[in-house]
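A.B. asks: input34.csv is reproduced below (CSV, N, CA and C atoms).
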```csv
chain,number,residue,atom,x,y,z
A,1,MET,N,0.9,-1.2,0.0
A,1,MET,CA,0.0,0.0,0.0
A,1,MET,C,0.9,1.2,0.0
A,2,SER,N,0.6,2.2,-0.8
A,2,SER,CA,1.4,3.4,-0.9
A,2,SER,C,1.3,4.3,0.4
A,3,SER,N,2.3,5.0,0.6
A,3,SER,CA,2.3,5.9,1.8
A,3,SER,C,1.2,6.9,1.7
A,4,ASN,N,0.9,7.4,0.5
A,4,ASN,CA,-0.2,8.4,0.3
A,4,ASN,C,-1.5,7.8,0.7
A,5,LEU,N,-1.8,6.6,0.2
A,5,LEU,CA,-3.1,5.9,0.5
A,5,LEU,C,-3.2,5.6,2.0
A,6,GLU,N,-2.1,5.2,2.6
A,6,GLU,CA,-2.1,5.0,4.1
A,6,GLU,C,-2.4,6.2,4.8
A,7,SER,N,-1.8,7.3,4.4
A,7,SER,CA,-2.0,8.6,5.1
A,7,SER,C,-3.5,9.1,4.9
A,8,VAL,N,-4.0,8.9,3.7
A,8,VAL,CA,-5.4,9.2,3.5
A,8,VAL,C,-6.3,8.4,4.4
A,9,ARG,N,-6.1,7.1,4.5
A,9,ARG,CA,-6.9,6.2,5.3
A,9,ARG,C,-6.8,6.6,6.8
A,10,SER,N,-5.6,7.0,7.2
A,10,SER,CA,-5.3,7.4,8.6
A,10,SER,C,-6.1,8.7,8.9
A,11,ALA,N,-6.0,9.6,7.9
A,11,ALA,CA,-6.8,10.9,8.1
A,11,ALA,C,-8.3,10.6,8.2
A,12,LEU,N,-8.8,9.8,7.4
A,12,LEU,CA,-10.2,9.5,7.4
A,12,LEU,C,-10.7,8.8,8.7
A,13,GLN,N,-9.8,8.0,9.3
A,13,GLN,CA,-10.1,7.4,10.6
A,13,GLN,C,-9.9,8.3,11.8
A,14,THR,N,-9.0,9.3,11.7
A,14,THR,CA,-8.7,10.1,12.8
A,14,THR,C,-9.4,11.5,12.8
A,15,VAL,N,-9.5,12.1,11.7
A,15,VAL,CA,-10.0,13.4,11.5
A,15,VAL,C,-11.5,13.4,11.3
A,16,PRO,N,-12.3,13.9,12.2
A,16,PRO,CA,-13.8,13.9,12.0
A,16,PRO,C,-14.3,14.8,10.9
A,17,GLY,N,-15.3,14.4,10.2
A,17,GLY,CA,-16.0,15.4,9.3
A,17,GLY,C,-15.6,15.4,7.9
A,18,ILE,N,-14.5,14.7,7.5
A,18,ILE,CA,-14.0,14.8,6.1
A,18,ILE,C,-15.2,14.3,5.2
A,19,PRO,N,-15.6,15.2,4.3
A,19,PRO,CA,-16.7,14.7,3.4
A,19,PRO,C,-16.1,13.6,2.5
A,20,CYS,N,-16.9,12.5,2.5
A,20,CYS,CA,-16.4,11.3,1.7
A,20,CYS,C,-17.5,10.6,1.0
A,21,GLU,N,-17.1,9.9,0.0
A,21,GLU,CA,-17.9,8.9,-0.7
A,21,GLU,C,-17.2,7.6,-0.6
A,22,GLY,N,-17.7,6.7,0.3
A,22,GLY,CA,-17.0,5.5,0.6
A,22,GLY,C,-15.7,5.8,1.3
A,23,GLU,N,-14.6,5.3,0.8
A,23,GLU,CA,-13.3,5.6,1.4
A,23,GLU,C,-12.5,6.7,0.7
A,24,ALA,N,-13.2,7.5,-0.1
A,24,ALA,CA,-12.5,8.6,-0.8
A,24,ALA,C,-13.1,10.0,-0.4
A,25,PRO,N,-12.2,10.9,0.0
A,25,PRO,CA,-12.6,12.2,0.2
A,25,PRO,C,-13.2,12.9,-1.0
A,26,ILE,N,-14.2,13.7,-0.9
A,26,ILE,CA,-14.8,14.4,-2.0
A,26,ILE,C,-14.6,15.9,-1.8
A,27,PHE,N,-14.5,16.6,-2.9
A,27,PHE,CA,-14.2,18.1,-2.8
A,27,PHE,C,-15.2,18.8,-3.8
A,28,ALA,N,-15.7,19.9,-3.4
A,28,ALA,CA,-16.6,20.7,-4.2
A,28,ALA,C,-15.8,21.6,-5.1
A,29,GLU,N,-14.6,22.0,-4.8
A,29,GLU,CA,-13.8,22.9,-5.6
A,29,GLU,C,-12.4,22.4,-5.6
A,30,PRO,N,-11.6,22.7,-6.6
A,30,PRO,CA,-10.2,22.3,-6.7
A,30,PRO,C,-9.3,22.7,-5.5
A,31,TRP,N,-9.6,23.9,-5.0
A,31,TRP,CA,-8.7,24.4,-3.9
A,31,TRP,C,-8.9,23.6,-2.7
A,32,GLN,N,-10.0,22.9,-2.5
A,32,GLN,CA,-10.3,22.1,-1.4
A,32,GLN,C,-9.4,20.8,-1.5
A,33,ALA,N,-9.3,20.3,-2.6
A,33,ALA,CA,-8.4,19.1,-2.8
A,33,ALA,C,-6.9,19.5,-2.6
A,34,GLN,N,-6.6,20.7,-3.1
A,34,GLN,CA,-5.2,21.2,-2.9
A,34,GLN,C,-4.9,21.4,-1.4
A,35,ALA,N,-5.8,21.9,-0.6
A,35,ALA,CA,-5.6,22.1,0.8
A,35,ALA,C,-5.5,20.8,1.5
A,36,PHE,N,-6.3,19.8,1.1
A,36,PHE,CA,-6.2,18.5,1.6
A,36,PHE,C,-4.8,17.8,1.3
A,37,ALA,N,-4.4,18.0,0.1
A,37,ALA,CA,-3.1,17.4,-0.4
A,37,ALA,C,-1.9,18.1,0.4
A,38,MET,N,-2.0,19.4,0.6
A,38,MET,CA,-0.9,20.0,1.4
A,38,MET,C,-0.9,19.5,2.8
A,39,ALA,N,-2.0,19.3,3.5
A,39,ALA,CA,-2.0,18.8,4.8
A,39,ALA,C,-1.5,17.3,4.8
A,40,LEU,N,-1.9,16.6,3.8
A,40,LEU,CA,-1.5,15.2,3.7
A,40,LEU,C,0.1,15.1,3.6
A,41,GLU,N,0.6,16.0,2.7
A,41,GLU,CA,2.1,16.0,2.5
A,41,GLU,C,2.8,16.4,3.8
A,42,LEU,N,2.3,17.4,4.5
A,42,LEU,CA,2.9,17.9,5.7
A,42,LEU,C,2.8,16.8,6.8
A,43,GLN,N,1.7,16.1,6.9
A,43,GLN,CA,1.6,15.0,7.9
A,43,GLN,C,2.6,13.9,7.5
A,44,GLN,N,2.7,13.6,6.3
A,44,GLN,CA,3.6,12.5,5.9
A,44,GLN,C,5.1,12.9,6.2
A,45,ARG,N,5.4,14.2,6.1
A,45,ARG,CA,6.7,14.6,6.4
A,45,ARG,C,7.0,14.8,7.9
A,46,GLY,N,6.0,14.5,8.7
A,46,GLY,CA,6.1,14.5,10.2
A,46,GLY,C,6.0,15.9,10.8
A,47,VAL,N,5.4,16.9,10.1
A,47,VAL,CA,5.2,18.2,10.6
A,47,VAL,C,4.2,18.2,11.8
A,48,PHE,N,3.2,17.3,11.6
A,48,PHE,CA,2.2,17.1,12.6
A,48,PHE,C,1.6,15.7,12.5
A,49,SER,N,0.9,15.2,13.5
A,49,SER,CA,0.2,13.9,13.5
A,49,SER,C,-1.2,14.2,13.1
A,50,TRP,N,-1.9,13.2,12.7
A,50,TRP,CA,-3.4,13.4,12.4
A,50,TRP,C,-4.1,13.7,13.7
A,51,ASN,N,-3.7,13.2,14.9
A,51,ASN,CA,-4.3,13.5,16.1
A,51,ASN,C,-4.1,15.0,16.4
A,52,GLU,N,-2.9,15.5,16.2
A,52,GLU,CA,-2.7,16.9,16.4
A,52,GLU,C,-3.6,17.7,15.5
A,53,TRP,N,-3.6,17.3,14.2
A,53,TRP,CA,-4.5,18.0,13.2
A,53,TRP,C,-5.9,18.0,13.7
A,54,ALA,N,-6.4,16.9,14.1
A,54,ALA,CA,-7.8,16.7,14.5
A,54,ALA,C,-8.1,17.7,15.7
A,55,THR,N,-7.2,17.8,16.6
A,55,THR,CA,-7.4,18.7,17.8
A,55,THR,C,-7.5,20.1,17.3
A,56,GLU,N,-6.6,20.5,16.4
A,56,GLU,CA,-6.5,21.9,15.9
A,56,GLU,C,-7.7,22.2,15.1
A,57,LEU,N,-8.1,21.3,14.2
A,57,LEU,CA,-9.3,21.5,13.4
A,57,LEU,C,-10.6,21.6,14.2
A,58,GLY,N,-10.7,20.7,15.2
A,58,GLY,CA,-11.8,20.8,16.1
A,58,GLY,C,-11.9,22.2,16.8
A,59,ALA,N,-10.8,22.7,17.3
A,59,ALA,CA,-10.7,24.0,17.9
A,59,ALA,C,-11.1,25.1,16.9
A,60,GLN,N,-10.7,25.0,15.7
A,60,GLN,CA,-11.0,26.0,14.7
A,60,GLN,C,-12.5,26.0,14.4
A,61,ILE,N,-13.1,24.8,14.2
A,61,ILE,CA,-14.5,24.7,14.0
A,61,ILE,C,-15.3,25.2,15.1
A,62,LYS,N,-14.9,24.8,16.4
A,62,LYS,CA,-15.6,25.3,17.5
A,62,LYS,C,-15.6,26.8,17.6
A,63,ALA,N,-14.5,27.5,17.4
A,63,ALA,CA,-14.3,28.9,17.4
A,63,ALA,C,-15.2,29.5,16.3
A,64,ALA,N,-15.2,28.9,15.1
A,64,ALA,CA,-16.1,29.4,14.0
A,64,ALA,C,-17.5,29.4,14.4
A,65,ILE,N,-18.0,28.3,15.0
A,65,ILE,CA,-19.4,28.1,15.4
A,65,ILE,C,-19.7,29.2,16.4
A,66,ALA,N,-18.8,29.5,17.3
A,66,ALA,CA,-19.1,30.5,18.3
A,66,ALA,C,-19.2,31.9,17.7
A,67,ASP,N,-18.5,32.1,16.5
A,67,ASP,CA,-18.6,33.3,15.8
A,67,ASP,C,-19.7,33.3,14.8
A,68,GLY,N,-20.6,32.3,14.7
A,68,GLY,CA,-21.8,32.3,13.9
A,68,GLY,C,-21.7,31.4,12.7
A,69,ASP,N,-20.7,30.6,12.5
A,69,ASP,CA,-20.6,29.7,11.4
A,69,ASP,C,-21.8,28.8,11.4
A,70,PRO,N,-22.5,28.5,10.3
A,70,PRO,CA,-23.7,27.7,10.3
A,70,PRO,C,-23.4,26.2,10.6
A,71,ASP,N,-22.2,25.7,10.5
A,71,ASP,CA,-21.8,24.3,10.8
A,71,ASP,C,-22.7,23.4,10.0
A,72,ASP,N,-22.9,23.7,8.7
A,72,ASP,CA,-23.7,22.8,7.9
A,72,ASP,C,-22.9,22.0,6.9
A,73,GLY,N,-21.5,22.1,7.0
A,73,GLY,CA,-20.7,21.4,6.1
A,73,GLY,C,-20.1,22.2,5.0
A,74,THR,N,-20.8,23.3,4.7
A,74,THR,CA,-20.3,24.1,3.5
A,74,THR,C,-19.0,24.8,3.8
A,75,THR,N,-18.6,25.0,5.0
A,75,THR,CA,-17.4,25.7,5.3
A,75,THR,C,-16.3,24.8,5.8
A,76,TYR,N,-16.5,23.5,5.8
A,76,TYR,CA,-15.5,22.6,6.3
A,76,TYR,C,-14.1,22.8,5.8
A,77,TYR,N,-13.9,22.9,4.5
A,77,TYR,CA,-12.6,23.1,4.0
A,77,TYR,C,-12.0,24.5,4.2
A,78,ARG,N,-12.8,25.5,4.5
A,78,ARG,CA,-12.3,26.8,5.0
A,78,ARG,C,-11.7,26.6,6.3
A,79,HIS,N,-12.3,25.8,7.2
A,79,HIS,CA,-11.7,25.5,8.5
A,79,HIS,C,-10.4,24.7,8.3
A,80,TRP,N,-10.4,23.8,7.4
A,80,TRP,CA,-9.3,23.0,7.1
A,80,TRP,C,-8.1,23.9,6.7
A,81,LEU,N,-8.4,24.9,5.8
A,81,LEU,CA,-7.3,25.8,5.3
A,81,LEU,C,-6.8,26.7,6.5
A,82,ALA,N,-7.7,27.2,7.3
A,82,ALA,CA,-7.4,28.0,8.4
A,82,ALA,C,-6.5,27.2,9.4
A,83,THR,N,-6.8,25.9,9.6
A,83,THR,CA,-6.0,25.1,10.5
A,83,THR,C,-4.6,24.9,9.9
A,84,LEU,N,-4.6,24.6,8.6
A,84,LEU,CA,-3.3,24.4,7.9
A,84,LEU,C,-2.4,25.7,8.0
A,85,GLU,N,-3.0,26.9,7.8
A,85,GLU,CA,-2.3,28.1,8.0
A,85,GLU,C,-1.7,28.3,9.4
A,86,ARG,N,-2.6,28.0,10.4
A,86,ARG,CA,-2.2,28.2,11.8
A,86,ARG,C,-1.0,27.2,12.1
A,87,LEU,N,-1.1,26.0,11.7
A,87,LEU,CA,-0.1,25.0,12.0
A,87,LEU,C,1.2,25.3,11.3
A,88,VAL,N,1.1,25.7,10.0
A,88,VAL,CA,2.3,26.1,9.3
A,88,VAL,C,3.0,27.3,9.9
A,89,SER,N,2.3,28.2,10.4
A,89,SER,CA,2.8,29.4,11.1
A,89,SER,C,3.5,29.0,12.4
A,90,ARG,N,2.7,28.2,13.2
A,90,ARG,CA,3.2,27.8,14.5
A,90,ARG,C,4.4,26.9,14.5
A,91,LYS,N,4.5,26.1,13.4
A,91,LYS,CA,5.7,25.2,13.3
A,91,LYS,C,6.9,25.9,12.7
A,92,GLY,N,6.7,27.2,12.3
A,92,GLY,CA,7.8,27.9,11.7
A,92,GLY,C,8.1,27.6,10.3
A,93,ILE,N,7.2,27.0,9.6
A,93,ILE,CA,7.4,26.7,8.1
A,93,ILE,C,7.2,28.0,7.3
A,94,ALA,N,6.2,28.8,7.7
A,94,ALA,CA,6.0,30.1,7.1
A,94,ALA,C,5.4,31.0,8.2
A,95,SER,N,5.8,32.3,8.2
A,95,SER,CA,5.3,33.2,9.2
A,95,SER,C,3.9,33.6,8.8
A,96,ALA,N,3.2,34.2,9.8
A,96,ALA,CA,1.9,34.7,9.5
A,96,ALA,C,2.0,35.8,8.5
A,97,GLU,N,3.1,36.6,8.6
A,97,GLU,CA,3.3,37.7,7.6
A,97,GLU,C,3.5,37.2,6.2
A,98,THR,N,4.2,36.1,6.1
A,98,THR,CA,4.4,35.5,4.8
A,98,THR,C,3.1,35.0,4.2
A,99,LEU,N,2.4,34.3,5.1
A,99,LEU,CA,1.1,33.8,4.6
A,99,LEU,C,0.2,34.9,4.2
A,100,ASP,N,0.1,36.0,4.9
A,100,ASP,CA,-0.7,37.1,4.6
A,100,ASP,C,-0.2,37.8,3.3
A,101,ARG,N,1.1,37.8,3.1
A,101,ARG,CA,1.6,38.4,1.8
A,101,ARG,C,1.2,37.6,0.6
A,102,TYR,N,1.2,36.2,0.7
A,102,TYR,CA,0.7,35.4,-0.4
A,102,TYR,C,-0.8,35.5,-0.5
A,103,TYR,N,-1.5,35.6,0.6
A,103,TYR,CA,-2.9,35.7,0.5
A,103,TYR,C,-3.3,37.0,-0.3
A,104,GLN,N,-2.6,38.1,0.0
A,104,GLN,CA,-2.9,39.3,-0.7
A,104,GLN,C,-2.5,39.2,-2.2
A,105,ALA,N,-1.4,38.6,-2.4
A,105,ALA,CA,-0.9,38.4,-3.8
A,105,ALA,C,-1.9,37.5,-4.6
A,106,TRP,N,-2.4,36.5,-4.0
A,106,TRP,CA,-3.4,35.6,-4.7
A,106,TRP,C,-4.7,36.4,-5.0
A,107,ASP,N,-5.1,37.2,-4.0
A,107,ASP,CA,-6.3,38.0,-4.2
A,107,ASP,C,-6.1,39.0,-5.3
A,108,HIS,N,-4.9,39.6,-5.4
A,108,HIS,CA,-4.6,40.5,-6.5
A,108,HIS,C,-4.6,39.8,-7.8
A,109,ALA,N,-4.0,38.6,-7.9
A,109,ALA,CA,-3.9,37.8,-9.1
A,109,ALA,C,-5.3,37.4,-9.5
A,110,ALA,N,-6.1,37.0,-8.6
A,110,ALA,CA,-7.5,36.6,-8.9
A,110,ALA,C,-8.3,37.7,-9.5
A,111,ASP,N,-8.1,38.9,-8.9
A,111,ASP,CA,-8.8,40.1,-9.4
A,111,ASP,C,-8.5,40.4,-10.9
A,112,ARG,N,-7.3,40.2,-11.3
A,112,ARG,CA,-6.8,40.6,-12.7
A,112,ARG,C,-7.0,39.4,-13.6
A,113,THR,N,-7.4,38.2,-13.2
A,113,THR,CA,-7.5,37.0,-14.0
A,113,THR,C,-8.9,36.9,-14.5
A,114,PRO,N,-9.1,36.8,-15.8
A,114,PRO,CA,-10.5,36.6,-16.3
A,114,PRO,C,-11.1,35.2,-15.8
A,115,HIS,N,-12.4,35.2,-15.6
A,115,HIS,CA,-13.1,34.1,-15.1
A,115,HIS,C,-12.8,32.9,-16.0
A,116,GLY,N,-12.5,31.7,-15.4
A,116,GLY,CA,-12.2,30.5,-16.1
A,116,GLY,C,-10.8,30.3,-16.5
A,117,GLN,N,-10.0,31.3,-16.3
A,117,GLN,CA,-8.5,31.2,-16.6
A,117,GLN,C,-7.8,30.8,-15.4
A,118,THR,N,-6.6,30.2,-15.6
A,118,THR,CA,-5.8,29.8,-14.5
A,118,THR,C,-5.1,31.0,-13.8
A,119,ILE,N,-5.2,31.1,-12.5
A,119,ILE,CA,-4.6,32.2,-11.8
A,119,ILE,C,-3.1,31.9,-11.7
A,120,GLU,N,-2.3,32.9,-12.1
A,120,GLU,CA,-0.8,32.7,-12.0
A,120,GLU,C,-0.3,33.9,-11.2
A,121,LEU,N,0.5,33.7,-10.3
A,121,LEU,CA,1.2,34.8,-9.5
A,121,LEU,C,2.3,35.3,-10.3
A,122,THR,N,2.5,36.7,-10.3
A,122,THR,CA,3.6,37.3,-10.9
A,122,THR,C,4.2,38.2,-9.8
A,123,ALA,N,5.4,38.7,-10.1
A,123,ALA,CA,6.1,39.6,-9.1
A,123,ALA,C,5.2,40.8,-8.8
A,124,GLU,N,4.5,41.3,-9.8
A,124,GLU,CA,3.6,42.4,-9.7
A,124,GLU,C,2.5,42.2,-8.6
A,125,ASP,N,2.1,41.0,-8.4
A,125,ASP,CA,1.0,40.6,-7.4
A,125,ASP,C,1.5,40.8,-6.0
A,126,PHE,N,2.8,40.9,-5.8
A,126,PHE,CA,3.3,41.1,-4.4
A,126,PHE,C,3.6,42.5,-4.1
A,127,ARG,N,3.2,43.4,-5.0
A,127,ARG,CA,3.5,44.9,-4.7
A,127,ARG,C,2.3,45.5,-4.1
```
The structure given in the file should be rewritten as structure tokens.
C.D. replies:
Amino acid sequence: MSSNLESVRSALQTVPGIPCEGEAPIFAEPWQAQAFAMALELQQRGVFSWNEWATELGAQIKAAIADGDPDDGTTYYRHWLATLERLVSRKGIASAETLDRYYQAWDHAADRTPHGQTIELTAEDFR
């Protein structure tokens, strides 16, 4: 069994709420699959365990619900992404400032990219 498949199965067993069809996670949008893949890769590299991830994700969801999140499943991967950003920052992989810089750059790139086209970052997006 591949390491990737083992990690996916481990995540599905440990992390509550992952939207699935059978044993496969499902995603409504491509960015959700990318966020899932980034977390999978970081877990495989030993940056965090799935138990640590589940604890952090649970705290993120609980805080969001307290702030009025509908908790109907539509925002699950937004919580996943917020958890990923928090752990990456806490573990020293990227600072909160670096994450914010890229967030702003992506926002700028998305604004200038026609609908349906691939968003590509350029040096101009970081200004």
A.B. asks: Could you build a table of the residues in region 64-127 of chain A lying no more than 6.5 Å from region 48-57 of chain A, giving for each the nearest pair of atoms and their separation in Å rounded to one decimal place, using all atoms listed in the file, ordered by chain and ascending residue number, as a tab-separated table?
C.D. replies:
```
residue	atom	partner	partner_atom	distance
A:His79	C	A:Leu57	CA	6.1
A:Trp80	CA	A:Leu57	CA	6.5
A:Thr83	CA	A:Leu57	CA	5.7
```
A.B. asks: When you count only N, CA and C atoms, which of these residues is closest to Leu87 (chain A): A:Val47, A:Gln117, A:Arg9, A:Glu21?
C.D. replies: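 The answer is A:Val47, which sits nearest to Leu87 (chain A).
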A.B. asks: Between A:Glu23, A:Glu124, A:Glu6, A:Asp72, which has the minimum distance to Gln43 (chain A) (counting only C-alpha atoms)?
C.D. replies: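 When distances to Gln43 (chain A) are compared using only C-alpha atoms, the smallest one comes from A:Glu6.
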A.B. asks: Residues within 8 Å of Ala105 (chain A), please, as an mmCIF file with N, CA and C atoms, keeping the file's coordinate frame. Count all atoms listed in the file; anything in the same chain fewer than 2 positions from it doesn't count.
C.D. replies:
```
data_model
loop_
_atom_site.group_PDB
_atom_site.id
_atom_site.type_symbol
_atom_site.label_atom_id
_atom_site.label_comp_id
_atom_site.auth_asym_id
_atom_site.auth_seq_id
_atom_site.Cartn_x
_atom_site.Cartn_y
_atom_site.Cartn_z
ATOM 1 N N LEU A 99 2.400 34.300 5.100
ATOM 2 C CA LEU A 99 1.100 33.800 4.600
ATOM 3 C C LEU A 99 0.200 34.900 4.200
ATOM 4 N N ASP A 100 0.100 36.000 4.900
ATOM 5 C CA ASP A 100 -0.700 37.100 4.600
ATOM 6 C C ASP A 100 -0.200 37.800 3.300
ATOM 7 N N ARG A 101 1.100 37.800 3.100
ATOM 8 C CA ARG A 101 1.600 38.400 1.800
ATOM 9 C C ARG A 101 1.200 37.600 0.600
ATOM 10 N N TYR A 102 1.200 36.200 0.700
ATOM 11 C CA TYR A 102 0.700 35.400 -0.400
ATOM 12 C C TYR A 102 -0.800 35.500 -0.500
ATOM 13 N N TYR A 103 -1.500 35.600 0.600
ATOM 14 C CA TYR A 103 -2.900 35.700 0.500
ATOM 15 C C TYR A 103 -3.300 37.000 -0.300
ATOM 16 N N ASP A 107 -5.100 37.200 -4.000
ATOM 17 C CA ASP A 107 -6.300 38.000 -4.200
ATOM 18 C C ASP A 107 -6.100 39.000 -5.300
ATOM 19 N N HIS A 108 -4.900 39.600 -5.400
ATOM 20 C CA HIS A 108 -4.600 40.500 -6.500
ATOM 21 C C HIS A 108 -4.600 39.800 -7.800
ATOM 22 N N ALA A 109 -4.000 38.600 -7.900
ATOM 23 C CA ALA A 109 -3.900 37.800 -9.100
ATOM 24 C C ALA A 109 -5.300 37.400 -9.500
ATOM 25 N N ALA A 110 -6.100 37.000 -8.600
ATOM 26 C CA ALA A 110 -7.500 36.600 -8.900
ATOM 27 C C ALA A 110 -8.300 37.700 -9.500
ATOM 28 N N ASP A 111 -8.100 38.900 -8.900
ATOM 29 C CA ASP A 111 -8.800 40.100 -9.400
ATOM 30 C C ASP A 111 -8.500 40.400 -10.900
ATOM 31 N N GLU A 120 -2.300 32.900 -12.100
ATOM 32 C CA GLU A 120 -0.800 32.700 -12.000
ATOM 33 C C GLU A 120 -0.300 33.900 -11.200
ATOM 34 N N LEU A 121 0.500 33.700 -10.300
ATOM 35 C CA LEU A 121 1.200 34.800 -9.500
ATOM 36 C C LEU A 121 2.300 35.300 -10.300
ATOM 37 N N THR A 122 2.500 36.700 -10.300
ATOM 38 C CA THR A 122 3.600 37.300 -10.900
ATOM 39 C C THR A 122 4.200 38.200 -9.800
ATOM 40 N N GLU A 124 4.500 41.300 -9.800
ATOM 41 C CA GLU A 124 3.600 42.400 -9.700
ATOM 42 C C GLU A 124 2.500 42.200 -8.600
ATOM 43 N N ASP A 125 2.100 41.000 -8.400
ATOM 44 C CA ASP A 125 1.000 40.600 -7.400
ATOM 45 C C ASP A 125 1.500 40.800 -6.000
ATOM 46 N N PHE A 126 2.800 40.900 -5.800
ATOM 47 C CA PHE A 126 3.300 41.100 -4.400
ATOM 48 C C PHE A 126 3.600 42.500 -4.100
ATOM 49 N N ARG A 127 3.200 43.400 -5.000
ATOM 50 C CA ARG A 127 3.500 44.900 -4.700
ATOM 51 C C ARG A 127 2.300 45.500 -4.100
#
```
A.B. asks: For the atom pair CA of Ala96 (chain A) and atom C of Thr74 (chain A), what is the interatomic distance in Å to one decimal place?
C.D. replies: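 Atom-to-atom, CA of Ala96 (chain A) and atom C of Thr74 (chain A) are spaced 23.8 Å apart.
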A.B. asks: Have a look at CA of Gln34 (chain A) and CA of Glu85 (chain A) and let me know their distance in Å, one decimal.
C.D. replies: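 Separation between CA of Gln34 (chain A) and CA of Glu85 (chain A): 13.2 Å.
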A.B. asks: Quick check for you: according to DSSP on this backbone, which residues of chain A are classed as strand (DSSP E or B)? Reply as a ChimeraX atom specification.
C.D. replies: /A:20-21,24-25
A.B. asks: Mind pulling up the distance from CA of Ala33 (chain A) to CA of Leu84 (chain A)?
C.D. replies: 13.0 Å
A.B. asks: Kindly provide, as a ChimeraX atom specification, the polymer residues lying within 10 Å of (-10.7, 14.4, 0.7), counting only C-alpha atoms and using the coordinates exactly as they appear in the file.
C.D. replies: /A:8,11-12,18-21,23-28,32-37,40,77
A.B. asks: When DSSP works through the backbone of this structure, what residues of chain A end up as helix (DSSP H, G or I), shown as number ranges by chain?
C.D. replies: A: 3-14, 30-44, 50-66, 76-90, 96-112, 123-126
A.B. asks: For Tyr76 (chain A), which residue out of A:Ala123, A:Ser10, A:Pro30, A:Gly17 is the nearest one, using all atoms listed in the file?
C.D. replies: A:Gly17
